[in-house]
Structure formats: structure tokens, C-alpha cells
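Q: Pasting a structure here, questions to come.
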Amino acid sequence: MQFKAEYYAVLEALATGDKTVSEIAELVDMEPHEVESILSSLTGLGLVERREKGFLFKKEVYTMTGRGWEVLHVWRQQVRETMERVVELRQQGRAREAEALLEPLGPVLPLLLTLGLLDMSLYAAAVGGLPSQEPAPEEVEEFDVEDAEF
């Protein structure tokens with residue numbers, strides 16, 4: 001099955017347990033109607049299924065099927081290998097190739113970091129480093145309050 005970032009994000013959200021549409025939407029930072037559309041597709045592919053949960057207050061939740069877990073496992077491996085390849089390309093000075101390879105993963109990288117599925121050092125190496133915490137030194141003009149006009 002071909003990798004799709006939005007499908008992958010929803011499967012990763014479901015990997016932590018059964019969830020409602022709104023719970024998934026919050027995790028993957030999408031609108032509920034977008035998540036419903038993705039879940040419909042994933043259900044049609046046999047990767048997730050809808051269930052009723054609860055005794056008195058029933059709600060619909062989605063859960064991954066055995067096939068969903070298999071696909072998720074394959075995609076996790078593909079993402080890891082892609083990230084490692086991106087790092088190699090950057091180290092070789094081939095930043096454009098690295099960016100092109102990284103582009104399809106862009107939407108899911110924040111989620112992977114949030115869920116602890118992506119190592120921060122691998123992420124930093126793949127995207128070209130983390131922004132510096134210290135501001136760049138700038139020339140500062142002296143300012144005398146006595147000379148200022150208000």
C-alpha cells in the first residue's frame with residue numbers, strides 16, 4: 001500500500017488506543033470532517049474499524065485492524081529509513097535532494113515528535129538542525145532617554 005501522510009498520521013493516533021473522531025482530530029491537528037473522510041477510506045481499505053464503546057453512554061470509536069497494524073509497522077520502518085537517508089544526503093551536501101525526500105513527511109513530523117516516535121536528534125539532523133536559542137548579535141545603537149522626544 002502506498003504511503004499517505006494523512007493516513008499515516010491517523011494510524012499513529014489510533015496506535016495509542018481506540019479513539020473518537022474528535023480525539024483523533026485533536027491529536028493530528030485536522031478538522032473532524034477531514035478525519036472522518038480519512039477514516040472512511042481507511043475503513044474501506046480494511047485498516048480500521050468502527051465500534052461502539054460504553055455501556056450507558058455509548059460512543060463511536062475507531063480501532064486498528066490486524067492489517068492496519070501491519071501497514072503501520074511497514075510505514076514506520078519506511079519513515080525511519082527515509083529520515084536516515086535524508087540525514088545522509090544532508091551530510092553529503094545534497095540538501096535539495098534531502099528536502100525533496102523529506103517533503104511528503106512534513107505534515108506528520110510534528111505528530112511523530114509529540115508521540116515520541118521520532119528521535120529529536122534524528123529530526124534535527126534531517127531538517128538541517130534546530131534553530132539557535134541565542135539571538136544573533138546585532139549592533140545596538142546607544143539610546144539616551146534624556147535626548148528622546150515623546
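As shown in the C-alpha cells, the chain order sets the letters A, B, ...; within each chain, residues go from 1, and ligands are also counted from 1 in the order they appear.
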Excluding Leu47 (chain A) and its own-chain neighbours fewer than 6 positions away, which residues fall within 8 Å of it when counting only C-alpha atoms? Please give them as a list in words.
A: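 Listing them by chain and then by number gives Met64, Thr65, Gly66, Arg67, Gly68, Trp69 and Val71 of chain A.
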Q: Can you write just those residues out, N, CA and C atoms, as a tab-separated table (two decimals), in the first residue's frame?
A:
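The new file result-v2.tsv reads:
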chain	number	residue	atom	x	y	z
A	64	MET	N	-7.72	0.05	15.15
A	64	MET	CA	-6.99	-0.54	14.03
A	64	MET	C	-7.25	-2.04	13.94
A	65	THR	N	-7.28	-2.53	12.74
A	65	THR	CA	-7.40	-3.97	12.49
A	65	THR	C	-5.99	-4.56	12.46
A	66	GLY	N	-5.93	-5.87	12.36
A	66	GLY	CA	-4.63	-6.54	12.22
A	66	GLY	C	-3.89	-6.04	10.99
A	67	ARG	N	-4.61	-5.87	9.91
A	67	ARG	CA	-3.99	-5.34	8.68
A	67	ARG	C	-3.51	-3.90	8.89
A	68	GLY	N	-4.25	-3.12	9.65
A	68	GLY	CA	-3.84	-1.76	9.96
A	68	GLY	C	-2.52	-1.74	10.71
A	69	TRP	N	-2.37	-2.64	11.67
A	69	TRP	CA	-1.11	-2.74	12.41
A	69	TRP	C	0.05	-3.13	11.50
A	71	VAL	N	0.33	-2.55	8.22
A	71	VAL	CA	0.65	-1.40	7.38
A	71	VAL	C	1.39	-0.35	8.19
Q: What is the distance, in Å and to one decimal place, between CA of Leu72 (chain A) and CA of Ala9 (chain A)?
A: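 Value for the CA of Leu72 (chain A)-CA of Ala9 (chain A) distance: 9.8 Å.
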Q: What are the closest atom pairs, with distances in Å to one decimal, for all residues of region 44-81 of chain A lying within 12 Å of region 119-127 of chain A? Consider only C-alpha atoms, order rows by chain and residue number, and present the result as a Markdown table.
A:
| residue | atom | partner | partner_atom | distance |
| --- | --- | --- | --- | --- |
| A:Val79 | CA | A:Tyr123 | CA | 11.3 |
| A:Arg80 | CA | A:Leu122 | CA | 9.2 |
| A:Glu81 | CA | A:Leu122 | CA | 11.0 |
Q: Go ahead and save the residues from that selection, with C-alpha atoms, as a PDB file, in the first residue's frame.
A:
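result.pdb written:
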ATOM      1  CA  VAL A  79       9.659   6.745   7.656  1.00  0.00           C
ATOM      2  CA  ARG A  80      12.706   5.806   9.738  1.00  0.00           C
ATOM      3  CA  GLU A  81      14.663   4.765   6.636  1.00  0.00           C
TER       4      GLU A  81
END
Q: Quick one: of A:Ser37, A:Thr43, A:Thr82, A:Thr63, who's nearest to Ala98 (chain A), counting only C-alpha atoms?
A: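 When distances to Ala98 (chain A) are compared using only C-alpha atoms, the smallest one comes from A:Thr82.
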Q: Enter the distance from CA of Glu99 (chain A) to CA of Gly128 (chain A), in Å, rounded to one decimal.
A: 9.6 Å
